[in-house]
Amino acid sequence: MISPAQALARIFDLTPPQQTSETVALAAAGGRVLAEDIVAARAQPPFAASAMDGYAVRSEDATGGNWLRIIGGSIAGRGCDQPVRRNEAVRILTGAPVPEGADRIVIQEDVFVDGDRIRIAENADRKNYVRAAGGDYPAGQKISANQPLNPALISMAAAMNVSQVVVWKRPVVSIIPTGDELREPGCELKAHEITASSGYGLAAMLDKAGAESRLLPVAADNRDSLVRSFKMAAHSDMIVSLGGASVGDRDLVAGVAAELGMDLAFHNVAVRPGKPLLAGRLFDDPFVGLPGNPVSAMVCGRIFLVPAIHAMLHRGWKPPERFRSPLAAPVSGNGIRQHYMRAELLNRDGQPMLRVFKRQDSSLISVYCDADALAVRPPQDPARAEGEYLEYIPLNHY
């Protein structure tokens, strides 16, 4: 068996970064990974703008008791063409261009209006309330390539007057559930049958990571069915099978893949859950065989496949980010395999703490649903007391 770190490194070797990009509308670009920088053609704001409703004046005229003559108005989208001279003022609204000559906004609460004149209050606010041109960002500001477009970056790109962006093509991942006992959700189930659930959860996970998942029909536990499924998945950016990767009488995935010419990278990892994990190259496509148990599939997906998808999208070759938190309750010692244990993050009197669930069987999808973290237990990790720090990987943020 190899270590999880060695397994991830070999999966990275199988999954080079994408070479194909595409142009998409900004409105459809949320979560996509930029393939080219976005560069602002002009500063934001492109002009000095008012931060408040009030009157644009010259600073030397903003003295308590002064009377100023109103010479015009400035609103968002339409400024005042007249320059502001001594003892003059322009009515201005938030976001409107500050007229030439003015360098201060007296807020409307600090003036008394009498026809076409205003008087400055004695205790007027001394702030200038002017947003300088380029105060947000200058012309030439970049949104750098190879990062996902989150809502803030989408908003910034729109502010840069961009309607389309160049993004990396989503890696197409074909997912093949295997097992004679599996039926699609919604089918009428016989006593010995169960629903094929793992593929749906894994597809959702990989799509969130940036992939385009194709969930193929369930393959039966026989050579001909597996061959058909593997050939159906050919020419994907990654092929993932679920189940049949161990050494039981009906665990046929490794043998059939080898028969079809798979170049094996590894088989079996010192990890819990997920020991039967295998990977290689099949039909010149990256191929990963995951365990069939729902939790094993989801944990291995988070540890091995999400980083691979990120690498394919030019986001770097990095294992899942780890954090540290004190334990909310003691945990017993670990065995010889690295264990990724389902856990939850608690807030105890303002202190974040990690509680490892007692039930860790890899078939318990309900426990996985309650988890928001995977506590990382190295091989032979000793028993830990409440309050000791343990590393964890977040499940919902990546």
# chains A, B, ... in the order shown; residues from 1 in each chain; ligands from 1

call {"tool": "closest_atom_pairs", "arguments": {"of": "stretch 209-327 of chain A", "to": "stretch 173-183 of chain A", "cutoff": "6 Å", "atoms": "only C-alpha atoms", "output": "Markdown table"}}
result
| residue | atom | partner | partner_atom | distance |
| --- | --- | --- | --- | --- |
| A:Ser213 | CA | A:Val173 | CA | 4.8 |
| A:Arg214 | CA | A:Ser174 | CA | 4.7 |
| A:Leu215 | CA | A:Ile175 | CA | 4.9 |
| A:Leu216 | CA | A:Ile176 | CA | 5.4 |
| A:Val218 | CA | A:Pro177 | CA | 4.9 |
| A:Ala219 | CA | A:Thr178 | CA | 4.6 |
| A:Ala220 | CA | A:Asp180 | CA | 4.9 |
| A:Asp221 | CA | A:Gly179 | CA | 5.3 |
| A:Ala233 | CA | A:Ser174 | CA | 5.6 |
| A:Asp237 | CA | A:Val173 | CA | 5.9 |
| A:Met238 | CA | A:Val173 | CA | 4.7 |
| A:Ile239 | CA | A:Ser174 | CA | 4.9 |
| A:Val240 | CA | A:Ile175 | CA | 4.8 |
| A:Ser241 | CA | A:Ile176 | CA | 4.6 |
| A:Leu242 | CA | A:Pro177 | CA | 4.7 |
| A:Gly243 | CA | A:Thr178 | CA | 5.5 |

call {"tool": "write_last_selection", "arguments": {"atoms": "N, CA, C and O atoms", "output": "PDB file, in the first residue's frame"}}
result
ATOM      1  N   SER A 213     -19.729  16.679 -14.783  1.00  0.00           N
ATOM      2  CA  SER A 213     -19.885  15.249 -14.529  1.00  0.00           C
ATOM      3  C   SER A 213     -20.924  14.629 -15.445  1.00  0.00           C
ATOM      4  O   SER A 213     -21.967  15.231 -15.724  1.00  0.00           O
ATOM      5  N   ARG A 214     -20.614  13.409 -15.893  1.00  0.00           N
ATOM      6  CA  ARG A 214     -21.563  12.590 -16.662  1.00  0.00           C
ATOM      7  C   ARG A 214     -21.770  11.304 -15.875  1.00  0.00           C
ATOM      8  O   ARG A 214     -20.861  10.490 -15.767  1.00  0.00           O
ATOM      9  N   LEU A 215     -22.957  11.157 -15.309  1.00  0.00           N
ATOM     10  CA  LEU A 215     -23.255   9.964 -14.526  1.00  0.00           C
ATOM     11  C   LEU A 215     -23.836   8.902 -15.453  1.00  0.00           C
ATOM     12  O   LEU A 215     -24.944   9.047 -15.970  1.00  0.00           O
ATOM     13  N   LEU A 216     -23.064   7.831 -15.681  1.00  0.00           N
ATOM     14  CA  LEU A 216     -23.459   6.782 -16.611  1.00  0.00           C
ATOM     15  C   LEU A 216     -24.348   5.759 -15.916  1.00  0.00           C
ATOM     16  O   LEU A 216     -24.422   5.701 -14.686  1.00  0.00           O
ATOM     17  N   VAL A 218     -25.737   2.269 -14.320  1.00  0.00           N
ATOM     18  CA  VAL A 218     -25.072   1.288 -13.462  1.00  0.00           C
ATOM     19  C   VAL A 218     -24.561   0.120 -14.297  1.00  0.00           C
ATOM     20  O   VAL A 218     -25.281  -0.412 -15.162  1.00  0.00           O
ATOM     21  N   ALA A 219     -23.305  -0.262 -14.061  1.00  0.00           N
ATOM     22  CA  ALA A 219     -22.717  -1.429 -14.720  1.00  0.00           C
ATOM     23  C   ALA A 219     -22.871  -2.643 -13.817  1.00  0.00           C
ATOM     24  O   ALA A 219     -22.620  -2.567 -12.612  1.00  0.00           O
ATOM     25  N   ALA A 220     -23.295  -3.746 -14.388  1.00  0.00           N
ATOM     26  CA  ALA A 220     -23.443  -4.992 -13.614  1.00  0.00           C
ATOM     27  C   ALA A 220     -22.066  -5.587 -13.316  1.00  0.00           C
ATOM     28  O   ALA A 220     -21.051  -5.225 -13.933  1.00  0.00           O
ATOM     29  N   ASP A 221     -22.046  -6.511 -12.364  1.00  0.00           N
ATOM     30  CA  ASP A 221     -20.792  -7.155 -11.963  1.00  0.00           C
ATOM     31  C   ASP A 221     -20.447  -8.299 -12.908  1.00  0.00           C
ATOM     32  O   ASP A 221     -20.359  -9.471 -12.522  1.00  0.00           O
ATOM     33  N   ALA A 233     -17.408   5.503 -21.560  1.00  0.00           N
ATOM     34  CA  ALA A 233     -16.748   6.613 -20.853  1.00  0.00           C
ATOM     35  C   ALA A 233     -15.475   7.093 -21.543  1.00  0.00           C
ATOM     36  O   ALA A 233     -14.911   8.119 -21.135  1.00  0.00           O
ATOM     37  N   ASP A 237     -12.199  13.502 -19.802  1.00  0.00           N
ATOM     38  CA  ASP A 237     -10.998  14.036 -19.163  1.00  0.00           C
ATOM     39  C   ASP A 237     -10.623  13.226 -17.928  1.00  0.00           C
ATOM     40  O   ASP A 237      -9.484  13.275 -17.471  1.00  0.00           O
ATOM     41  N   MET A 238     -11.591  12.471 -17.397  1.00  0.00           N
ATOM     42  CA  MET A 238     -11.328  11.551 -16.298  1.00  0.00           C
ATOM     43  C   MET A 238     -12.451  10.523 -16.266  1.00  0.00           C
ATOM     44  O   MET A 238     -13.614  10.859 -16.509  1.00  0.00           O
ATOM     45  N   ILE A 239     -12.094   9.266 -16.012  1.00  0.00           N
ATOM     46  CA  ILE A 239     -13.073   8.194 -15.819  1.00  0.00           C
ATOM     47  C   ILE A 239     -12.997   7.763 -14.365  1.00  0.00           C
ATOM     48  O   ILE A 239     -11.910   7.525 -13.836  1.00  0.00           O
ATOM     49  N   VAL A 240     -14.158   7.685 -13.715  1.00  0.00           N
ATOM     50  CA  VAL A 240     -14.216   7.261 -12.314  1.00  0.00           C
ATOM     51  C   VAL A 240     -15.212   6.114 -12.204  1.00  0.00           C
ATOM     52  O   VAL A 240     -16.359   6.236 -12.655  1.00  0.00           O
ATOM     53  N   SER A 241     -14.769   4.997 -11.641  1.00  0.00           N
ATOM     54  CA  SER A 241     -15.696   3.899 -11.345  1.00  0.00           C
ATOM     55  C   SER A 241     -15.971   3.882  -9.851  1.00  0.00           C
ATOM     56  O   SER A 241     -15.153   4.323  -9.050  1.00  0.00           O
ATOM     57  N   LEU A 242     -17.147   3.356  -9.496  1.00  0.00           N
ATOM     58  CA  LEU A 242     -17.557   3.254  -8.100  1.00  0.00           C
ATOM     59  C   LEU A 242     -17.862   1.805  -7.780  1.00  0.00           C
ATOM     60  O   LEU A 242     -18.791   1.227  -8.359  1.00  0.00           O
ATOM     61  N   GLY A 243     -17.100   1.212  -6.885  1.00  0.00           N
ATOM     62  CA  GLY A 243     -17.316  -0.169  -6.496  1.00  0.00           C
ATOM     63  C   GLY A 243     -16.498  -1.128  -7.337  1.00  0.00           C
ATOM     64  O   GLY A 243     -15.936  -0.774  -8.384  1.00  0.00           O
TER      65      GLY A 243
END

call {"tool": "residues_around", "arguments": {"residues": "A:Arg223", "least_positions_apart": "6", "cutoff": "12 Å", "atoms": "only C-alpha atoms", "output": "MDAnalysis selection string"}}
result
chainID A and resid 178:179 229:230 244 250:260

call {"tool": "write_last_selection", "arguments": {"atoms": "C-alpha atoms", "output": "short mmCIF file (atom, residue, chain, number, x, y, z; two decimals), in the first residue's frame"}}
result
data_model
loop_
_atom_site.label_atom_id
_atom_site.label_comp_id
_atom_site.auth_asym_id
_atom_site.auth_seq_id
_atom_site.Cartn_x
_atom_site.Cartn_y
_atom_site.Cartn_z
CA THR A 178 -21.04 -0.74 -10.52
CA GLY A 179 -22.92 -3.47 -8.73
CA SER A 229 -19.40 1.09 -19.61
CA PHE A 230 -15.67 1.71 -19.89
CA GLY A 244 -15.72 -3.41 -7.62
CA ARG A 250 -17.14 -10.00 -7.93
CA ASP A 251 -14.66 -7.14 -7.72
CA LEU A 252 -13.86 -7.10 -11.42
CA VAL A 253 -12.95 -3.46 -12.13
CA ALA A 254 -9.16 -3.78 -11.91
CA GLY A 255 -9.06 -6.96 -13.99
CA VAL A 256 -11.35 -5.70 -16.75
CA ALA A 257 -9.54 -2.36 -16.89
CA ALA A 258 -6.21 -4.22 -17.18
CA GLU A 259 -7.65 -6.36 -19.98
CA LEU A 260 -8.57 -3.14 -21.82
#

call {"tool": "residues_around", "arguments": {"residues": "stretch 66-83 of chain A", "least_positions_apart": "2", "cutoff": "9 Å", "atoms": "only C-alpha atoms", "output": "ChimeraX atom specification"}}
result
/A:49,55-57,61-64,85-102,115-122

call {"tool": "write_last_selection", "arguments": {"atoms": "N, CA, C and O atoms", "output": "short mmCIF file (atom, residue, chain, number, x, y, z; two decimals), in the first residue's frame"}}
result
data_model
loop_
_atom_site.label_atom_id
_atom_site.label_comp_id
_atom_site.auth_asym_id
_atom_site.auth_seq_id
_atom_site.Cartn_x
_atom_site.Cartn_y
_atom_site.Cartn_z
N ALA A 49 -16.79 61.42 -7.43
CA ALA A 49 -18.23 61.26 -7.24
C ALA A 49 -18.61 61.59 -5.81
O ALA A 49 -17.81 61.47 -4.88
N TYR A 55 -24.68 69.18 -1.23
CA TYR A 55 -24.33 70.28 -2.11
C TYR A 55 -22.82 70.28 -2.33
O TYR A 55 -22.04 70.19 -1.37
N ALA A 56 -22.43 70.39 -3.59
CA ALA A 56 -21.02 70.44 -3.94
C ALA A 56 -20.56 71.89 -3.86
O ALA A 56 -21.16 72.78 -4.50
N VAL A 57 -19.49 72.12 -3.09
CA VAL A 57 -19.01 73.48 -2.87
C VAL A 57 -17.48 73.48 -2.89
O VAL A 57 -16.85 72.43 -2.92
N ASP A 61 -15.52 77.78 1.05
CA ASP A 61 -16.85 78.37 1.25
C ASP A 61 -17.68 77.58 2.27
O ASP A 61 -18.79 77.99 2.63
N ALA A 62 -17.16 76.44 2.73
CA ALA A 62 -17.95 75.57 3.61
C ALA A 62 -17.78 75.97 5.06
O ALA A 62 -17.47 75.17 5.94
N THR A 63 -18.03 77.23 5.32
CA THR A 63 -17.89 77.77 6.67
C THR A 63 -19.27 78.03 7.25
O THR A 63 -20.17 78.52 6.54
N GLY A 64 -19.45 77.71 8.51
CA GLY A 64 -20.74 77.89 9.14
C GLY A 64 -21.25 79.31 9.02
O GLY A 64 -20.51 80.27 9.27
N ARG A 85 -17.79 78.27 -8.68
CA ARG A 85 -16.90 79.37 -8.31
C ARG A 85 -17.17 79.76 -6.85
O ARG A 85 -17.98 79.15 -6.17
N ARG A 86 -16.44 80.76 -6.37
CA ARG A 86 -16.60 81.22 -4.99
C ARG A 86 -18.04 81.56 -4.70
O ARG A 86 -18.74 82.17 -5.51
N ASN A 87 -18.50 81.09 -3.52
CA ASN A 87 -19.85 81.38 -3.02
C ASN A 87 -20.95 80.78 -3.89
O ASN A 87 -22.07 81.31 -3.92
N GLU A 88 -20.61 79.65 -4.58
CA GLU A 88 -21.62 78.95 -5.37
C GLU A 88 -21.72 77.50 -4.88
O GLU A 88 -20.79 76.96 -4.27
N ALA A 89 -22.83 76.88 -5.22
CA ALA A 89 -23.06 75.48 -4.83
C ALA A 89 -23.87 74.77 -5.90
O ALA A 89 -24.61 75.42 -6.67
N VAL A 90 -23.70 73.46 -5.99
CA VAL A 90 -24.46 72.63 -6.92
C VAL A 90 -25.17 71.55 -6.11
O VAL A 90 -24.53 70.84 -5.31
N ARG A 91 -26.48 71.45 -6.30
CA ARG A 91 -27.23 70.36 -5.66
C ARG A 91 -26.73 69.04 -6.25
O ARG A 91 -26.63 68.88 -7.48
N ILE A 92 -26.38 68.08 -5.40
CA ILE A 92 -25.77 66.84 -5.89
C ILE A 92 -26.34 65.66 -5.12
O ILE A 92 -26.66 65.75 -3.93
N LEU A 93 -26.49 64.52 -5.82
CA LEU A 93 -27.00 63.29 -5.22
C LEU A 93 -25.89 62.23 -5.17
O LEU A 93 -24.89 62.33 -5.90
N THR A 94 -26.06 61.24 -4.35
CA THR A 94 -25.05 60.19 -4.16
C THR A 94 -24.71 59.53 -5.50
O THR A 94 -25.60 59.15 -6.26
N GLY A 95 -23.42 59.41 -5.77
CA GLY A 95 -22.94 58.77 -7.00
C GLY A 95 -22.81 59.71 -8.17
O GLY A 95 -22.25 59.32 -9.21
N ALA A 96 -23.26 60.95 -8.03
CA ALA A 96 -23.19 61.90 -9.14
C ALA A 96 -21.78 62.49 -9.26
O ALA A 96 -21.04 62.59 -8.28
N PRO A 97 -21.39 62.93 -10.48
CA PRO A 97 -20.08 63.54 -10.67
C PRO A 97 -19.97 64.87 -9.90
O PRO A 97 -20.90 65.69 -9.91
N VAL A 98 -18.83 65.05 -9.26
CA VAL A 98 -18.56 66.31 -8.58
C VAL A 98 -18.15 67.33 -9.63
O VAL A 98 -17.22 67.10 -10.40
N PRO A 99 -18.83 68.49 -9.71
CA PRO A 99 -18.51 69.45 -10.77
C PRO A 99 -17.13 70.09 -10.59
O PRO A 99 -16.57 70.11 -9.49
N GLU A 100 -16.61 70.59 -11.68
CA GLU A 100 -15.31 71.26 -11.67
C GLU A 100 -15.33 72.40 -10.67
O GLU A 100 -16.31 73.13 -10.54
N GLY A 101 -14.25 72.54 -9.92
CA GLY A 101 -14.13 73.61 -8.94
C GLY A 101 -14.53 73.19 -7.55
O GLY A 101 -14.02 73.75 -6.57
N ALA A 102 -15.45 72.25 -7.42
CA ALA A 102 -15.88 71.79 -6.10
C ALA A 102 -14.96 70.68 -5.60
O ALA A 102 -14.46 69.88 -6.38
N GLY A 115 -35.00 79.22 -1.29
CA GLY A 115 -35.08 79.46 -2.72
C GLY A 115 -33.87 78.92 -3.44
O GLY A 115 -33.61 77.71 -3.42
N ASP A 116 -33.11 79.82 -4.09
CA ASP A 116 -31.92 79.38 -4.83
C ASP A 116 -30.65 79.59 -4.03
O ASP A 116 -29.56 79.66 -4.59
N ARG A 117 -30.81 79.71 -2.70
CA ARG A 117 -29.64 79.89 -1.85
C ARG A 117 -29.64 78.85 -0.73
O ARG A 117 -30.68 78.33 -0.35
N ILE A 118 -28.42 78.56 -0.22
CA ILE A 118 -28.30 77.73 0.97
C ILE A 118 -27.42 78.43 1.99
O ILE A 118 -26.55 79.23 1.64
N ARG A 119 -27.68 78.14 3.28
CA ARG A 119 -26.81 78.61 4.35
C ARG A 119 -26.20 77.42 5.05
O ARG A 119 -26.89 76.47 5.40
N ILE A 120 -24.88 77.46 5.22
CA ILE A 120 -24.16 76.35 5.86
C ILE A 120 -24.40 76.41 7.36
O ILE A 120 -24.29 77.47 7.99
N ALA A 121 -24.72 75.26 7.97
CA ALA A 121 -24.95 75.19 9.41
C ALA A 121 -23.65 75.46 10.17
O ALA A 121 -22.55 75.16 9.68
N GLU A 122 -23.77 76.03 11.34
CA GLU A 122 -22.60 76.36 12.15
C GLU A 122 -21.81 75.10 12.55
O GLU A 122 -20.59 75.13 12.65
#

call {"tool": "residues_around", "arguments": {"residues": "A:Ala132", "least_positions_apart": "4", "cutoff": "9 Å", "atoms": "only C-alpha atoms", "output": "short mmCIF file (atom, residue, chain, number, x, y, z; two decimals) with N, CA and C atoms, in the first residue's frame"}}
result
data_model
loop_
_atom_site.label_atom_id
_atom_site.label_comp_id
_atom_site.auth_asym_id
_atom_site.auth_seq_id
_atom_site.Cartn_x
_atom_site.Cartn_y
_atom_site.Cartn_z
N PRO A 45 -14.01 54.79 -9.31
CA PRO A 45 -14.91 55.42 -10.28
C PRO A 45 -14.10 56.21 -11.31
N PRO A 46 -14.66 56.41 -12.51
CA PRO A 46 -13.91 57.12 -13.56
C PRO A 46 -13.90 58.63 -13.36
N PHE A 47 -14.62 59.10 -12.37
CA PHE A 47 -14.69 60.54 -12.06
C PHE A 47 -14.86 60.69 -10.55
N ALA A 48 -14.53 61.87 -10.04
CA ALA A 48 -14.81 62.15 -8.63
C ALA A 48 -16.32 62.16 -8.44
N ALA A 49 -16.79 61.42 -7.43
CA ALA A 49 -18.23 61.26 -7.24
C ALA A 49 -18.61 61.59 -5.81
N SER A 50 -19.87 62.00 -5.65
CA SER A 50 -20.38 62.32 -4.32
C SER A 50 -20.70 61.05 -3.55
N ASP A 136 -11.35 53.32 -6.09
CA ASP A 136 -11.58 51.88 -5.95
C ASP A 136 -10.42 51.12 -6.59
#

call {"tool": "residues_around", "arguments": {"residues": "A:Arg281", "least_positions_apart": "5", "cutoff": "10 Å", "atoms": "only C-alpha atoms", "output": "PyMOL selection string"}}
result
chain A and resi 11+14-15+238-239+257-258+261-265+286-288

call {"tool": "select_by_dssp", "arguments": {"residues": "stretch 114-330 of chain A", "states": "strand (DSSP E or B)", "output": "ChimeraX atom specification"}}
result
/A:114,117-120,130-131,137,142-143,148,164-168,172-178,182-183,194-195,212-215,219,238-242,263-267,269,271-272,278-282,285-290,323-327

call {"tool": "closest_atom_pairs", "arguments": {"of": "stretch 83-160 of chain A", "to": "stretch 300-320 of chain A", "cutoff": "12 Å", "atoms": "only C-alpha atoms", "output": "tab-separated table"}}
result
residue	atom	partner	partner_atom	distance
A:Ser144	CA	A:Arg315	CA	11.7
A:Ala145	CA	A:His314	CA	8.9
A:Asn146	CA	A:His314	CA	5.5
A:Gln147	CA	A:Arg315	CA	6.5
A:Pro148	CA	A:Arg315	CA	8.5

call {"tool": "write_last_selection", "arguments": {"atoms": "N, CA, C and O atoms", "output": "short mmCIF file (atom, residue, chain, number, x, y, z; two decimals), in the first residue's frame"}}
result
data_model
loop_
_atom_site.label_atom_id
_atom_site.label_comp_id
_atom_site.auth_asym_id
_atom_site.auth_seq_id
_atom_site.Cartn_x
_atom_site.Cartn_y
_atom_site.Cartn_z
N SER A 144 -6.66 38.35 -12.01
CA SER A 144 -5.68 37.42 -12.57
C SER A 144 -6.31 36.09 -12.96
O SER A 144 -7.27 35.62 -12.34
N ALA A 145 -5.74 35.50 -14.01
CA ALA A 145 -6.19 34.21 -14.50
C ALA A 145 -5.92 33.11 -13.47
O ALA A 145 -5.19 33.31 -12.50
N ASN A 146 -6.54 31.97 -13.71
CA ASN A 146 -6.35 30.74 -12.93
C ASN A 146 -6.93 30.84 -11.51
O ASN A 146 -6.40 30.24 -10.57
N GLN A 147 -8.01 31.57 -11.39
CA GLN A 147 -8.77 31.59 -10.14
C GLN A 147 -10.25 31.53 -10.47
O GLN A 147 -10.69 32.01 -11.52
N PRO A 148 -11.04 30.91 -9.59
CA PRO A 148 -12.47 30.82 -9.85
C PRO A 148 -13.14 32.17 -9.67
O PRO A 148 -12.77 32.95 -8.80
#

call {"tool": "decode", "arguments": {"residues": "stretch 294-357 of chain A", "atoms": "C-alpha atoms", "output": "PDB file, in the first residue's frame"}}
result
ATOM      1  CA  PRO A 294     -21.154   5.985  -0.197  1.00  0.00           C
ATOM      2  CA  VAL A 295     -18.947   7.508   2.481  1.00  0.00           C
ATOM      3  CA  SER A 296     -15.766   5.921   1.101  1.00  0.00           C
ATOM      4  CA  ALA A 297     -16.580   7.357  -2.327  1.00  0.00           C
ATOM      5  CA  MET A 298     -17.326  10.821  -0.958  1.00  0.00           C
ATOM      6  CA  VAL A 299     -14.283  10.960   1.328  1.00  0.00           C
ATOM      7  CA  CYS A 300     -11.954   9.756  -1.448  1.00  0.00           C
ATOM      8  CA  GLY A 301     -13.583  12.236  -3.798  1.00  0.00           C
ATOM      9  CA  ARG A 302     -12.836  15.090  -1.396  1.00  0.00           C
ATOM     10  CA  ILE A 303      -9.267  13.964  -0.664  1.00  0.00           C
ATOM     11  CA  PHE A 304      -8.129  12.854  -4.126  1.00  0.00           C
ATOM     12  CA  LEU A 305     -10.497  13.961  -6.895  1.00  0.00           C
ATOM     13  CA  VAL A 306     -11.327  17.540  -5.914  1.00  0.00           C
ATOM     14  CA  PRO A 307      -7.597  18.481  -5.831  1.00  0.00           C
ATOM     15  CA  ALA A 308      -7.157  16.734  -9.206  1.00  0.00           C
ATOM     16  CA  ILE A 309     -10.010  18.767 -10.722  1.00  0.00           C
ATOM     17  CA  HIS A 310      -8.459  21.957  -9.330  1.00  0.00           C
ATOM     18  CA  ALA A 311      -5.105  20.983 -10.850  1.00  0.00           C
ATOM     19  CA  MET A 312      -6.739  20.357 -14.231  1.00  0.00           C
ATOM     20  CA  LEU A 313      -8.211  23.865 -13.992  1.00  0.00           C
ATOM     21  CA  HIS A 314      -4.763  25.465 -13.447  1.00  0.00           C
ATOM     22  CA  ARG A 315      -5.371  26.106  -9.746  1.00  0.00           C
ATOM     23  CA  GLY A 316      -2.167  24.335  -8.702  1.00  0.00           C
ATOM     24  CA  TRP A 317      -1.139  20.908  -7.419  1.00  0.00           C
ATOM     25  CA  LYS A 318      -2.207  21.150  -3.799  1.00  0.00           C
ATOM     26  CA  PRO A 319      -3.676  18.697  -1.305  1.00  0.00           C
ATOM     27  CA  PRO A 320      -6.830  19.793   0.524  1.00  0.00           C
ATOM     28  CA  GLU A 321      -6.163  22.697   2.851  1.00  0.00           C
ATOM     29  CA  ARG A 322      -6.027  21.741   6.516  1.00  0.00           C
ATOM     30  CA  PHE A 323      -6.968  23.707   9.603  1.00  0.00           C
ATOM     31  CA  ARG A 324      -6.501  23.028  13.327  1.00  0.00           C
ATOM     32  CA  SER A 325      -9.025  23.071  16.132  1.00  0.00           C
ATOM     33  CA  PRO A 326      -9.189  21.788  19.722  1.00  0.00           C
ATOM     34  CA  LEU A 327     -11.219  18.657  20.321  1.00  0.00           C
ATOM     35  CA  ALA A 328     -14.615  18.962  21.967  1.00  0.00           C
ATOM     36  CA  ALA A 329     -14.355  15.388  23.277  1.00  0.00           C
ATOM     37  CA  PRO A 330     -11.587  12.787  23.550  1.00  0.00           C
ATOM     38  CA  VAL A 331     -10.844  10.313  20.747  1.00  0.00           C
ATOM     39  CA  SER A 332      -9.181   6.922  20.910  1.00  0.00           C
ATOM     40  CA  GLY A 333      -5.922   6.012  19.212  1.00  0.00           C
ATOM     41  CA  ASN A 334      -5.720   5.386  15.458  1.00  0.00           C
ATOM     42  CA  GLY A 335      -4.555   2.277  13.587  1.00  0.00           C
ATOM     43  CA  ILE A 336      -2.048   1.768  10.793  1.00  0.00           C
ATOM     44  CA  ARG A 337      -3.946   3.674   8.092  1.00  0.00           C
ATOM     45  CA  GLN A 338      -4.512   7.413   7.862  1.00  0.00           C
ATOM     46  CA  HIS A 339      -8.109   7.929   8.940  1.00  0.00           C
ATOM     47  CA  TYR A 340     -10.344  10.732   7.710  1.00  0.00           C
ATOM     48  CA  MET A 341     -13.043  10.820  10.369  1.00  0.00           C
ATOM     49  CA  ARG A 342     -16.376  12.555   9.984  1.00  0.00           C
ATOM     50  CA  ALA A 343     -16.668  15.425  12.435  1.00  0.00           C
ATOM     51  CA  GLU A 344     -18.515  18.648  13.114  1.00  0.00           C
ATOM     52  CA  LEU A 345     -17.297  22.106  14.043  1.00  0.00           C
ATOM     53  CA  LEU A 346     -18.900  23.530  17.184  1.00  0.00           C
ATOM     54  CA  ASN A 347     -18.890  26.960  18.760  1.00  0.00           C
ATOM     55  CA  ARG A 348     -18.400  26.568  22.488  1.00  0.00           C
ATOM     56  CA  ASP A 349     -18.478  29.910  24.308  1.00  0.00           C
ATOM     57  CA  GLY A 350     -17.001  31.607  21.263  1.00  0.00           C
ATOM     58  CA  GLN A 351     -14.281  28.966  20.864  1.00  0.00           C
ATOM     59  CA  PRO A 352     -14.410  26.829  17.698  1.00  0.00           C
ATOM     60  CA  MET A 353     -14.034  23.140  18.568  1.00  0.00           C
ATOM     61  CA  LEU A 354     -14.008  19.877  16.626  1.00  0.00           C
ATOM     62  CA  ARG A 355     -16.237  16.979  17.642  1.00  0.00           C
ATOM     63  CA  VAL A 356     -15.446  13.626  16.012  1.00  0.00           C
ATOM     64  CA  PHE A 357     -18.509  11.435  15.583  1.00  0.00           C
TER      65      PHE A 357
END
